[in-house]
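Source file my_file35.cif; content: mmCIF, C-alpha atoms and all ligand atoms.
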```cif
data_run
#
loop_
_atom_site.label_atom_id
_atom_site.label_comp_id
_atom_site.auth_asym_id
_atom_site.auth_seq_id
_atom_site.Cartn_x
_atom_site.Cartn_y
_atom_site.Cartn_z
CA MET A 27 106.70 136.67 88.24
CA VAL A 28 105.06 138.95 90.72
CA SER A 29 102.19 136.78 91.83
CA LEU A 30 103.75 133.53 90.77
CA LYS A 31 103.43 130.72 93.21
CA TYR A 32 107.07 130.56 94.05
CA TYR A 33 107.88 127.14 95.29
CA LEU A 34 111.27 125.81 96.08
CA LEU A 35 112.25 123.49 93.42
CA THR A 36 114.70 121.17 92.19
CA ILE A 37 117.18 121.72 89.46
CA LEU A 38 117.49 120.34 85.99
CA ALA A 39 119.25 117.13 86.94
CA LEU A 40 116.24 116.10 88.94
CA MET A 41 113.90 116.75 86.07
CA VAL A 42 116.08 114.55 83.86
CA PHE A 43 116.32 111.71 86.28
CA GLY A 44 112.79 111.96 87.53
CA VAL A 45 111.95 112.12 91.17
CA PRO A 46 114.04 109.75 93.17
CA ALA A 47 113.35 108.01 96.40
CA ILE A 48 115.29 105.44 98.27
CA SER A 49 114.13 101.97 99.05
CA SER A 50 112.77 101.27 102.49
CA ARG A 51 115.74 99.07 103.31
CA PHE A 52 117.89 102.19 103.05
CA SER A 53 116.65 103.31 106.40
CA SER A 54 118.60 100.54 108.09
CA GLN A 55 121.75 101.61 106.33
CA VAL A 56 121.57 105.31 106.84
CA GLY A 57 124.55 105.36 109.17
CA GLU A 58 126.90 104.12 106.52
CA ILE A 59 128.95 106.11 104.09
CA ALA A 60 127.29 106.20 100.71
CA ASN A 61 129.22 105.26 97.64
CA VAL A 62 130.74 107.81 95.34
CA PHE A 63 130.65 107.14 91.64
CA SER A 64 133.65 105.71 89.92
CA ASN A 65 133.24 108.19 87.11
CA ALA A 66 133.06 111.20 89.39
CA THR A 67 135.60 113.92 88.84
CA ASN A 68 138.50 114.05 91.26
CA GLN A 69 136.91 116.99 92.94
CA LEU A 70 133.56 115.30 93.43
CA ALA A 71 135.24 112.09 94.54
CA THR A 72 136.37 113.91 97.65
CA VAL A 73 132.78 114.47 98.71
CA ILE A 74 131.59 111.85 101.12
CA LEU A 75 127.88 111.46 101.68
CA SER A 76 127.18 110.50 105.21
CA HIS A 77 123.68 110.22 106.57
CA ASN A 78 122.91 110.65 110.20
CA PRO A 79 119.16 111.21 110.34
CA LYS A 80 117.45 112.28 113.53
CA SER A 81 115.16 109.68 115.02
CA VAL A 82 112.18 110.49 117.20
CA ALA A 83 114.13 109.07 120.15
CA ASP A 84 117.14 111.34 119.45
CA ILE A 85 115.02 114.45 119.41
CA GLN A 86 112.95 113.51 122.42
CA ALA A 87 116.11 112.75 124.39
CA ASP A 88 117.30 116.31 123.71
CA TYR A 89 113.99 117.67 124.95
CA LEU A 90 114.04 115.65 128.14
CA SER A 91 117.62 116.51 128.95
CA ALA A 92 117.11 120.23 128.43
CA ASN A 93 116.74 122.30 131.55
CA SER A 94 113.02 122.65 131.95
CA THR A 95 112.87 124.79 135.08
CA ILE A 96 114.65 127.98 134.10
CA PHE A 97 112.93 130.19 131.62
CA SER A 98 114.99 132.80 129.90
CA THR A 99 113.43 136.22 129.66
CA THR A 100 114.80 136.99 126.26
CA SER A 101 114.83 135.19 123.00
CA THR A 102 117.70 132.80 122.45
CA VAL A 103 117.91 133.42 118.76
CA THR A 104 121.64 133.47 118.58
CA THR A 105 122.79 132.24 115.25
CA ASP A 106 126.30 133.27 116.19
CA SER A 107 126.37 130.48 118.74
CA ALA A 108 125.60 127.93 116.06
CA ASN A 109 128.60 125.83 116.87
CA SER A 110 127.85 125.62 120.53
CA THR A 111 126.55 122.15 121.28
CA THR A 112 127.43 122.11 124.93
CA THR A 113 123.82 122.21 126.09
CA ASN A 114 121.40 119.52 125.13
CA LYS A 115 118.41 121.29 123.78
CA VAL A 116 116.17 120.70 120.84
CA ARG A 117 117.90 122.63 118.07
CA ILE A 118 115.44 124.19 115.69
CA LEU A 119 116.27 125.96 112.46
CA LEU A 120 113.66 128.39 111.17
CA VAL A 121 113.89 129.31 107.51
CA PRO A 122 111.73 132.25 106.43
CA GLY A 123 110.79 131.35 102.86
CA HIS A 124 112.62 133.02 99.98
CA GLU A 125 115.48 135.44 100.22
CA PRO A 126 116.22 138.93 101.52
CA ASN A 127 114.67 141.30 98.97
CA TYR A 128 114.10 138.51 96.48
CA GLY A 129 111.43 136.01 95.47
CA GLY A 130 108.09 134.81 96.79
CA ALA A 131 104.49 135.80 96.25
CA GLU A 132 103.36 139.42 96.27
CA TYR A 133 99.84 140.76 96.59
CA ALA A 134 98.66 144.36 96.84
CA ASN A 135 101.22 145.93 99.19
CA ILE A 136 102.43 142.80 100.91
CA LYS A 137 105.28 140.44 100.17
CA GLU A 138 105.50 136.82 101.20
CA ARG A 139 109.22 137.10 101.90
CA ASN A 140 108.51 139.67 104.66
CA MET A 141 105.50 137.83 106.10
CA THR A 142 107.68 134.74 106.50
CA VAL A 143 110.23 136.76 108.48
CA GLU A 144 107.55 138.13 110.79
CA LEU A 145 106.10 134.69 111.43
CA ALA A 146 109.58 133.23 111.99
CA GLN A 147 110.39 135.96 114.49
CA ASN A 148 107.20 135.25 116.42
CA LEU A 149 107.90 131.54 116.41
CA SER A 150 111.48 132.07 117.51
CA ASP A 151 110.21 134.19 120.41
CA PHE A 152 107.84 131.47 121.60
CA LEU A 153 110.50 128.79 121.30
CA GLY A 154 113.26 131.00 122.67
CA ASN A 155 111.31 131.66 125.84
CA ASP A 156 111.15 127.95 126.48
CA SER A 157 114.40 126.52 127.77
CA HIS A 158 113.93 123.23 125.93
CA TYR A 159 114.72 124.86 122.62
CA GLN A 160 117.66 126.52 120.94
CA VAL A 161 116.58 128.45 117.89
CA PHE A 162 118.41 129.56 114.77
CA VAL A 163 116.90 131.77 112.08
CA THR A 164 118.50 131.97 108.65
CA ARG A 165 117.68 135.59 107.84
CA ASP A 166 115.73 138.73 108.56
CA SER A 167 114.06 140.93 105.97
CA SER A 168 117.26 142.67 104.91
CA ASP A 169 119.96 140.00 104.97
CA TRP A 170 121.04 136.47 105.77
CA SER A 171 122.16 136.02 109.34
CA PRO A 172 125.94 136.45 109.77
CA VAL A 173 126.43 132.69 110.07
CA PHE A 174 124.83 132.12 106.68
CA VAL A 175 126.55 135.09 105.05
CA ASP A 176 129.86 133.45 105.99
CA TYR A 177 128.74 129.94 105.15
CA PHE A 178 127.58 130.84 101.65
CA LYS A 179 130.72 132.87 101.08
CA ASN A 180 133.29 130.40 102.39
CA ASP A 181 131.66 127.06 101.65
CA TRP A 182 129.99 127.73 98.31
CA GLN A 183 132.07 125.27 96.31
CA SER A 184 131.71 122.50 98.85
CA ILE A 185 127.94 123.05 98.89
CA VAL A 186 127.84 122.79 95.09
CA ASP A 187 129.94 119.61 95.15
CA TRP A 188 127.78 118.04 97.85
CA GLU A 189 124.64 119.01 95.97
CA ASN A 190 125.94 117.42 92.77
CA VAL A 191 127.11 114.22 94.43
CA SER A 192 123.79 113.90 96.27
CA ILE A 193 121.85 114.25 93.03
CA ARG A 194 124.07 111.78 91.23
CA ASP A 195 124.02 109.30 94.08
CA MET A 196 120.24 109.26 94.04
CA ALA A 197 120.18 108.90 90.26
CA GLN A 198 122.56 105.98 90.61
CA ARG A 199 120.33 104.32 93.17
CA ILE A 200 117.42 104.61 90.81
CA SER A 201 119.37 103.30 87.86
CA ILE A 202 120.51 100.18 89.72
CA GLY A 203 117.04 99.63 91.12
CA SER A 204 117.78 100.22 94.80
CA SER A 205 115.43 103.19 94.81
CA THR A 206 112.03 103.72 93.33
CA LYS A 207 110.47 106.81 91.86
CA PRO A 208 107.68 108.15 94.03
CA ILE A 209 104.67 109.77 92.45
CA GLN A 210 104.80 113.51 92.83
CA THR A 211 101.27 114.85 93.40
CA VAL A 212 101.92 118.59 93.45
CA SER A 213 104.20 120.25 90.94
CA HIS A 214 106.44 123.12 91.95
CA ASN A 215 107.99 125.98 90.14
CA ARG A 216 111.69 125.78 89.47
CA VAL A 217 114.09 128.10 91.19
CA PRO A 218 117.31 129.55 89.78
CA ASN A 219 120.46 127.53 90.38
CA ASP A 220 121.91 129.90 92.97
CA VAL A 221 118.69 129.82 94.97
CA ALA A 222 118.70 126.02 94.79
CA THR A 223 122.30 125.92 95.98
CA ARG A 224 121.53 128.17 98.94
CA LEU A 225 118.69 125.80 99.86
CA TYR A 226 121.04 122.82 99.65
CA GLY A 227 123.49 124.89 101.67
CA ILE A 228 120.94 125.44 104.44
CA THR A 229 120.35 121.68 104.60
CA LYS A 230 124.09 120.97 104.61
CA TRP A 231 124.61 123.48 107.41
CA ALA A 232 121.75 121.94 109.39
CA ASN A 233 123.35 118.49 109.03
CA GLU A 234 126.73 119.82 110.14
CA ASN A 235 125.29 121.72 113.10
CA ASN A 236 123.23 118.99 114.65
CA ILE A 237 119.87 120.60 113.94
CA ASP A 238 116.95 118.47 115.13
CA ILE A 239 114.05 120.14 113.37
CA THR A 240 113.98 122.47 110.35
CA ILE A 241 110.88 124.47 109.54
CA HIS A 242 110.58 126.36 106.25
CA ILE A 243 107.93 129.07 106.39
CA HIS A 244 105.91 130.07 103.33
CA PHE A 245 102.65 131.53 102.14
CA ASN A 246 100.89 130.19 99.14
CA ASP A 247 99.48 131.89 96.09
CA ASP A 248 96.89 130.92 93.55
CA THR A 249 98.33 131.90 90.20
CA GLU A 250 94.99 132.26 88.48
CA HIS A 251 93.72 135.46 90.08
CA PRO A 252 94.16 139.03 88.82
CA ALA A 253 96.96 140.94 90.54
CA ASN A 254 94.77 142.89 92.97
CA GLN A 255 91.93 140.47 93.42
CA ALA A 256 91.91 137.55 95.82
CA GLY A 257 92.18 134.03 94.45
CA LYS A 258 89.77 131.26 95.32
CA HIS A 259 91.83 128.95 97.51
CA THR A 260 92.41 129.32 101.24
CA GLY A 261 94.13 127.43 103.99
CA PHE A 262 97.40 125.89 105.08
CA ALA A 263 99.35 122.79 104.09
CA ILE A 264 102.42 121.05 105.50
CA TYR A 265 104.94 119.46 103.16
CA ILE A 266 107.10 116.68 104.55
CA PRO A 267 109.79 114.48 102.96
CA GLN A 268 108.81 111.32 101.13
CA HIS A 269 108.58 108.50 103.65
CA GLN A 270 111.44 106.57 102.04
CA TYR A 271 113.86 109.37 102.83
CA ALA A 272 115.95 109.01 105.96
CA ASN A 273 114.17 111.93 107.68
CA GLY A 274 110.70 110.92 106.48
CA THR A 275 109.10 109.19 109.43
CA THR A 276 110.42 111.54 112.11
CA SER A 277 109.23 114.48 110.05
CA ARG A 278 105.74 113.02 109.78
CA ASP A 279 105.42 112.39 113.51
CA ILE A 280 106.17 116.03 114.26
CA ALA A 281 104.12 117.39 111.36
CA GLU A 282 101.06 115.55 112.66
CA THR A 283 101.02 117.33 116.01
CA VAL A 284 101.63 120.69 114.34
CA PHE A 285 98.84 119.96 111.86
CA LYS A 286 96.43 119.17 114.67
CA ARG A 287 97.00 122.53 116.35
CA LEU A 288 96.88 124.55 113.13
CA SER A 289 93.74 122.83 111.92
CA LYS A 290 91.74 123.71 115.00
CA TYR A 291 91.62 127.40 114.09
CA ASN A 292 92.61 127.47 110.42
CA PRO A 293 91.26 125.83 107.28
CA VAL A 294 93.30 123.19 105.51
CA SER A 295 94.17 124.21 101.95
CA ASP A 296 91.42 123.37 99.50
CA LEU A 297 93.85 123.17 96.59
CA ALA A 298 93.67 119.80 94.86
CA GLY A 299 96.60 117.77 96.12
CA GLU A 300 96.91 119.70 99.37
CA SER A 301 93.59 118.80 100.95
CA THR A 302 95.08 116.01 103.08
CA GLY A 303 96.93 118.76 104.93
CA ILE A 304 100.19 116.85 105.20
CA ILE A 305 101.75 116.11 101.84
CA GLU A 306 104.77 113.92 101.18
CA ASP A 307 107.12 115.45 98.68
CA SER A 308 110.34 114.17 97.20
CA ASP A 309 111.62 117.10 95.18
CA LEU A 310 111.42 120.09 97.47
CA ILE A 311 115.04 120.90 98.19
CA ALA A 312 114.06 122.61 101.43
CA ILE A 313 112.93 119.41 103.10
CA GLY A 314 115.64 117.14 101.76
CA ALA A 315 115.29 116.30 98.08
CA ASN A 316 117.69 113.49 97.13
CA ASN A 317 117.71 112.27 100.70
CA THR A 318 119.94 115.12 101.82
CA ALA A 319 118.41 116.19 105.14
CA ASP A 320 119.15 114.66 108.53
CA SER A 321 116.83 116.89 110.55
CA ALA A 322 113.10 116.35 110.77
CA SER A 323 111.96 118.81 108.13
CA MET A 324 108.78 120.45 107.06
CA LEU A 325 107.72 123.26 104.79
CA ILE A 326 104.56 124.94 105.94
CA GLU A 327 102.43 126.96 103.55
CA TYR A 328 100.58 128.90 106.23
CA GLY A 329 97.81 130.26 104.05
CA TYR A 330 97.21 132.18 100.84
CA ILE A 331 98.77 135.60 100.66
CA TYR A 332 95.54 137.29 99.57
CA GLU A 333 93.47 136.01 102.53
CA SER A 334 92.03 139.14 104.06
CA GLN A 335 93.43 138.71 107.58
CA PHE A 336 96.93 139.12 106.08
CA ASN A 337 95.94 142.23 104.16
CA ASN A 338 94.73 144.41 107.01
CA LEU A 339 97.26 146.13 109.27
CA ASP A 340 95.24 145.53 112.41
CA THR A 341 94.69 141.82 111.82
CA SER A 342 97.86 140.66 110.05
CA SER A 343 100.14 140.91 113.07
CA ILE A 344 97.82 138.87 115.26
CA ALA A 345 97.08 136.36 112.48
CA LEU A 346 100.81 135.74 111.89
CA LYS A 347 101.54 135.56 115.59
CA ASP A 348 98.72 133.07 116.07
CA LEU A 349 100.03 130.79 113.34
CA ALA A 350 103.43 130.89 115.01
CA TYR A 351 101.87 130.14 118.39
CA GLN A 352 99.95 127.14 117.10
CA THR A 353 103.14 125.82 115.49
CA TYR A 354 104.91 126.17 118.82
CA LEU A 355 102.07 124.35 120.61
CA GLY A 356 102.18 121.62 117.98
CA LEU A 357 105.87 121.08 118.71
CA GLN A 358 105.12 121.05 122.42
CA ASP A 359 102.44 118.41 121.84
CA PHE A 360 105.01 116.22 120.12
CA PHE A 361 107.39 116.42 123.06
CA ASP A 362 105.00 116.68 125.96
CA PRO A 363 101.44 115.77 124.97
CA THR A 364 100.07 115.77 128.50
CA ASP A 365 101.94 118.79 129.85
CA SER A 366 103.77 116.46 132.20
CA VAL A 367 107.09 118.21 131.71
CA ALA A 368 105.99 121.77 131.02
CA THR A 369 105.98 123.97 134.05
CA GLY A 370 105.58 127.64 134.85
CA SER A 371 104.89 129.95 131.98
CA VAL A 372 104.61 127.20 129.39
CA ALA A 373 101.85 125.41 131.25
CA THR A 374 100.03 128.66 131.96
CA VAL A 375 100.18 129.94 128.46
CA ARG A 376 98.46 126.83 127.22
CA ALA A 377 95.24 127.78 128.99
CA TYR A 378 94.25 129.17 125.59
CA ASP A 379 95.57 127.75 122.37
CA THR A 380 95.31 131.02 120.48
CA VAL A 381 96.98 134.36 121.12
CA ALA A 382 93.68 135.99 120.19
CA LEU A 383 92.39 134.97 123.63
CA PRO A 384 91.96 136.19 126.27
CA HIS A 385 90.97 139.59 124.91
CA SER A 386 89.38 142.79 126.19
CA TRP A 387 86.48 143.93 124.06
CA ILE A 388 85.56 147.56 124.54
CA ARG A 389 84.05 148.70 121.26
CA VAL A 390 80.52 148.10 120.03
CA VAL A 391 80.52 146.49 116.58
CA SER A 392 77.56 146.79 114.25
CA ASP A 393 79.11 147.71 110.91
CA LYS A 394 79.64 144.75 108.63
CA ASN A 395 82.65 146.48 107.13
CA THR A 396 84.51 146.38 110.41
CA GLN A 397 87.77 144.48 110.22
CA ASN A 398 90.10 144.55 113.20
CA ALA A 399 91.78 142.54 115.95
CA ASP A 400 88.63 142.72 118.13
CA VAL A 401 86.68 140.84 115.49
CA PHE A 402 89.54 138.36 115.06
CA SER A 403 89.34 137.68 118.80
CA LEU A 404 85.56 137.54 118.62
CA GLN A 405 85.75 134.87 115.93
CA SER A 406 88.31 132.99 118.01
CA ALA A 407 86.06 133.15 121.08
CA LEU A 408 83.06 131.96 119.10
CA LEU A 409 85.18 129.14 117.69
CA ALA A 410 86.42 128.13 121.14
CA ASP A 411 82.81 128.35 122.36
CA GLY A 412 81.57 126.06 119.60
CA GLU A 413 79.48 128.51 117.55
CA TYR A 414 81.98 129.29 114.82
CA PRO A 415 81.88 128.48 111.97
CA PRO A 416 78.06 128.67 112.03
CA ALA A 417 76.01 125.55 111.31
CA SER A 418 76.07 124.42 107.67
CA LYS A 419 79.33 126.28 107.02
CA ASN A 420 82.85 124.98 107.40
CA ILE A 421 86.02 126.76 108.40
CA SER A 422 87.10 127.17 104.76
CA GLN A 423 83.87 129.07 104.06
CA CYS A 424 84.18 130.97 107.31
CA PRO A 425 87.86 131.41 108.17
CA ARG A 426 88.98 133.82 110.88
CA THR A 427 89.48 136.96 108.87
CA GLY A 428 88.90 139.59 111.53
CA SER A 429 86.10 140.81 109.28
CA PHE A 430 82.59 141.20 110.73
CA GLY A 431 80.72 139.48 107.94
CA ALA A 432 77.81 137.05 107.64
CA CYS A 433 79.71 134.13 109.20
CA THR A 434 80.42 136.07 112.37
CA ARG A 435 76.97 137.63 112.69
CA SER A 436 75.29 134.30 112.34
CA ALA A 437 77.57 132.57 114.88
CA LEU A 438 77.13 135.52 117.22
CA GLN A 439 73.36 135.06 117.28
CA VAL A 440 73.82 131.54 118.60
CA PHE A 441 76.19 132.81 121.29
CA GLN A 442 73.67 135.49 122.26
CA LYS A 443 70.85 133.00 122.54
CA LYS A 444 73.02 130.76 124.73
CA ASN A 445 73.77 133.73 127.00
CA ASN A 446 70.19 135.04 127.05
CA ILE A 447 71.13 138.28 125.34
CA THR A 448 68.26 140.08 123.67
CA GLY A 449 67.99 143.25 121.64
CA GLU A 450 71.47 142.99 120.08
CA LYS A 451 70.79 140.35 117.46
CA GLY A 452 73.92 139.77 115.39
CA ILE A 453 75.76 142.86 116.57
CA VAL A 454 78.19 143.39 119.42
CA GLY A 455 76.30 145.65 121.83
CA GLU A 456 76.88 146.37 125.51
CA LYS A 457 75.36 143.12 126.79
CA THR A 458 77.35 141.08 124.29
CA LEU A 459 80.54 142.89 125.26
CA GLU A 460 79.88 142.04 128.87
CA ALA A 461 79.32 138.34 128.09
CA LEU A 462 82.43 138.15 125.91
CA ASN A 463 84.62 139.76 128.54
CA ARG A 464 83.17 137.56 131.26
CA ASN A 465 83.83 134.36 129.32
CA TYR A 466 86.92 135.18 127.28
CA GLY A 467 88.37 138.33 128.81
CA PHE A 468 91.31 138.64 131.14
ZN ZN B 1 106.97 130.67 99.18
#
```

Target format structure tokens, applied to this file:
Amino acid sequence: MVSLKYYLLTILALMVFGVPAISSRFSSQVGEIANVFSNATNQLATVILSHNPKSVADIQADYLSANSTIFSTTSTVTTDSANSTTTNKVRILLVPGHEPNYGGAEYANIKERNMTVELAQNLSDFLGNDSHYQVFVTRDSSDWSPVFVDYFKNDWQSIVDWENVSIRDMAQRISIGSSTKPIQTVSHNRVPNDVATRLYGITKWANENNIDITIHIHFNDDTEHPANQAGKHTGFAIYIPQHQYANGTTSRDIAETVFKRLSKYNPVSDLAGESTGIIEDSDLIAIGANNTADSASMLIEYGYIYESQFNNLDTSSIALKDLAYQTYLGLQDFFDPTDSVATGSVATVRAYDTVALPHSWIRVVSDKNTQNADVFSLQSALLADGEYPPASKNISQCPRTGSFGACTRSALQVFQKKNNITGEKGIVGEKTLEALNRNYGF
């Protein structure tokens, strides 16, 4: 269980009925009230499935109508104002993967369920400092946010009923031929029923609270490695709903701009089935299995838990913050690809598309065992400068680890040649420090 790849998964009913999808004509009918089965119990018959998926136009209208001139100085992560819809902003729900003190991958001393909280907090800070967005986060490392504590407590039975009716409705659609079964390319582990119900509950809450975009945050694991030894896969992947689902096309449009930002500095997962980077999925509850989600939804596996940048105290905080930043920039690209709307701090901050730059380098580096934030910034600078990864290597072979290994030394030599630096071949000496600070310092 400890190092198990712990995906969100669907419950038994889905396995029995296969993986449902709805027909493409369903998208023109999504505003209608779905049918409830004649053989449903009285209790279930009271559940009405209504679909009100967010279109690209809906979400972009929220962005454009948000006040874009006043920047708040503090984060607007205020889950207690969940019911406030008086301001038109893009409403984003961040879901750190797994649960407080439960579930997710573990490796050495680190736990996925805490990494996801740290990344979510960083992302909520970036978004919260931009007045276009209103951010909600489902939990921190110790508990669900008060809104979700109450929701799970008071609405549990209605979540279960809605979950069951949604599953049965989709099964019905398949049985009468109005939906087809998509081919699932990546299999996921199952989750316990209560975990599944909380995931359905998060989706139900998002639908009821006019959420525009939901982002589930995860880190991957490769189940075939020994407990304290890194596995062989690296990289990130973005899961989006099957295109037939009501939130499918909007989700893809947003995922593509996020993917573009993430893929500049980070390798795409080399796991079979994930190598396209954006993967359609029909049975991840998180992103709307059984056509349940109205918001544009994605589940991002940001990397593999054993990747060394996550396992070093000095590099993990900057690596997680950078992934959050690139996600934020990806969202910005969706709304404002040419910076025509962004003003002030947002426009300025985009001078670099990584938080690793600008950076002040002060320490000489010659030891290949060095791993720290300086080296992470060095790799970022070399990447921005076009030398990293070195020729004949790709970013999967030479990811930004913050580790001063062969990839970095070899890229550094090219940088030194370009800057006419001699006598410091492949190490960061005084002349190299000067050139780095001149080009990529403050
Ligand atoms: Zn996970």

Can you tell me which residues surround stretch 419-433 of chain A at a distance of at most 7 Å, considering only C-alpha atoms, apart from same-chain residues fewer than 3 positions away, and format the answer as a PyMOL selection string? chain A and resi 260+292-293+334-335+341+394-399+401-402+405+415-416+436-437

So that I can see what lies close to A:Phe361, please list as an MDAnalysis selection string the residues with an atom at most 8 Å from it, counting only C-alpha atoms and leaving out residues fewer than 3 positions away in the same chain. chainID A and resid 86 89 357:358

Could you dump the residues just selected with C-alpha atoms as a PDB file, in the coordinates of the input?
```pdb
ATOM      1  CA  GLN A  86     112.950 113.510 122.420  1.00  0.00           C
ATOM      2  CA  TYR A  89     113.990 117.670 124.950  1.00  0.00           C
ATOM      3  CA  LEU A 357     105.870 121.080 118.710  1.00  0.00           C
ATOM      4  CA  GLN A 358     105.120 121.050 122.420  1.00  0.00           C
TER       5      GLN A 358
END
```

Among the residues A:Asp88, A:Asp400, A:Gln442, A:Ser168, the one that comes closest to A:Asp340 [using all atoms listed in the file]: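 Smallest distance to A:Asp340 is found for A:Asp400.
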
So which residues fall inside 10 Å of (93.1, 138.0, 101.4) if we count all atoms listed in the file? Mind giving them as number ranges by chain? A: 133-134, 254-260, 329-338, 427

Could you build a table of the residues in stretch 317-353 of chain A lying no more than 12 Å from stretch 262-275 of chain A, giving for each the nearest pair of atoms and their separation in Å rounded to one decimal place, using only C-alpha atoms, ordered by chain and ascending residue number, as JSON lines?
```
{"residue": "A:Asn317", "atom": "CA", "partner": "A:Tyr271", "partner_atom": "CA", "distance": 5.3}
{"residue": "A:Thr318", "atom": "CA", "partner": "A:Ala272", "partner_atom": "CA", "distance": 8.4}
{"residue": "A:Ala319", "atom": "CA", "partner": "A:Asn273", "partner_atom": "CA", "distance": 6.5}
{"residue": "A:Asp320", "atom": "CA", "partner": "A:Asn273", "partner_atom": "CA", "distance": 5.7}
{"residue": "A:Ser321", "atom": "CA", "partner": "A:Asn273", "partner_atom": "CA", "distance": 6.3}
{"residue": "A:Ala322", "atom": "CA", "partner": "A:Asn273", "partner_atom": "CA", "distance": 5.5}
{"residue": "A:Ser323", "atom": "CA", "partner": "A:Ile266", "partner_atom": "CA", "distance": 6.4}
{"residue": "A:Met324", "atom": "CA", "partner": "A:Ile266", "partner_atom": "CA", "distance": 4.8}
{"residue": "A:Leu325", "atom": "CA", "partner": "A:Tyr265", "partner_atom": "CA", "distance": 5.0}
{"residue": "A:Ile326", "atom": "CA", "partner": "A:Ile264", "partner_atom": "CA", "distance": 4.5}
{"residue": "A:Glu327", "atom": "CA", "partner": "A:Ala263", "partner_atom": "CA", "distance": 5.2}
{"residue": "A:Tyr328", "atom": "CA", "partner": "A:Phe262", "partner_atom": "CA", "distance": 4.5}
{"residue": "A:Gly329", "atom": "CA", "partner": "A:Phe262", "partner_atom": "CA", "distance": 4.5}
{"residue": "A:Tyr330", "atom": "CA", "partner": "A:Phe262", "partner_atom": "CA", "distance": 7.6}
{"residue": "A:Ile331", "atom": "CA", "partner": "A:Phe262", "partner_atom": "CA", "distance": 10.8}
{"residue": "A:Glu333", "atom": "CA", "partner": "A:Phe262", "partner_atom": "CA", "distance": 11.2}
{"residue": "A:Leu349", "atom": "CA", "partner": "A:Phe262", "partner_atom": "CA", "distance": 10.0}
{"residue": "A:Thr353", "atom": "CA", "partner": "A:Ile264", "partner_atom": "CA", "distance": 11.1}
```

Work out how far atom CA of A:Asn140 is from atom CA of A:Ile118, in Å to one decimal. 20.2 Å

If you count all atoms listed in the file, the residue of A:Ser342, A:Thr458, A:Asn235, A:Thr302 closest to A:Asn78 turns out to be A:Asn235

What are the centre and edge lengths in Å, to one decimal, of the axis-aligned box around all listed atoms of stretch 326-337 of chain A with 4 Å added on each side, as JSON?
```
{"center_x": 98.3, "center_y": 133.6, "center_z": 103.6, "size_x": 20.5, "size_y": 25.3, "size_z": 16.0}
```

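Between atom CA of A:Asp359 and atom CA of A:Asp379 the separation is 11.6 Å.
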
Selected residue of minimal separation from ligand ZN 1 (chain B) among A:Ser295, A:Ser81, A:Thr240, A:Asn246, counting all atoms listed in the file: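 Checking each candidate against ligand ZN 1 (chain B), we get A:Asn246 as the closest.
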
d(atom CA of A:Glu189, atom CA of A:Pro79) in Å: 17.2 Å

Find, counting only C-alpha atoms and all ligand atoms, the residue in A:Ile202, A:Val143, A:Val82, A:Ile185 that gets nearest to ligand ZN 1 (chain B). A:Val143

Nearest residue to ligand ZN 1 (chain B) out of A:Gln160, A:Ile239, A:His244, A:Ala92, using only C-alpha atoms and all ligand atoms?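 Of A:Gln160, A:Ile239, A:His244, A:Ala92, the one nearest ligand ZN 1 (chain B) is A:His244, counting only C-alpha atoms and all ligand atoms.
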
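Closest to ligand ZN 1 (chain B) among A:His158, A:His242, A:Lys286, A:His77 is A:His242, based on all atoms listed in the file.
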
Would you output stretch 75-95 of chain A from that structure, restricted to C-alpha atoms, as a short mmCIF file (atom, residue, chain, number, x, y, z; two decimals), in the first residue's frame?
```
data_model
loop_
_atom_site.label_atom_id
_atom_site.label_comp_id
_atom_site.auth_asym_id
_atom_site.auth_seq_id
_atom_site.Cartn_x
_atom_site.Cartn_y
_atom_site.Cartn_z
CA LEU A 75 -29.65 15.07 -12.60
CA SER A 76 -29.20 18.43 -14.16
CA HIS A 77 -26.21 19.28 -16.28
CA ASN A 78 -24.98 22.79 -16.69
CA PRO A 79 -21.48 22.44 -18.09
CA LYS A 80 -19.17 25.41 -18.37
CA SER A 81 -18.38 26.46 -21.90
CA VAL A 82 -15.21 28.25 -22.92
CA ALA A 83 -17.32 31.37 -23.49
CA ASP A 84 -18.82 31.19 -19.96
CA ILE A 85 -15.42 30.99 -18.33
CA GLN A 86 -13.84 33.65 -20.49
CA ALA A 87 -16.74 35.99 -19.79
CA ASP A 88 -16.02 35.64 -16.06
CA TYR A 89 -12.38 36.48 -16.67
CA LEU A 90 -13.14 39.56 -18.72
CA SER A 91 -15.70 40.88 -16.29
CA ALA A 92 -13.42 40.46 -13.29
CA ASN A 93 -11.76 43.59 -12.03
CA SER A 94 -8.35 43.50 -13.62
CA THR A 95 -6.85 46.67 -12.18
#
```
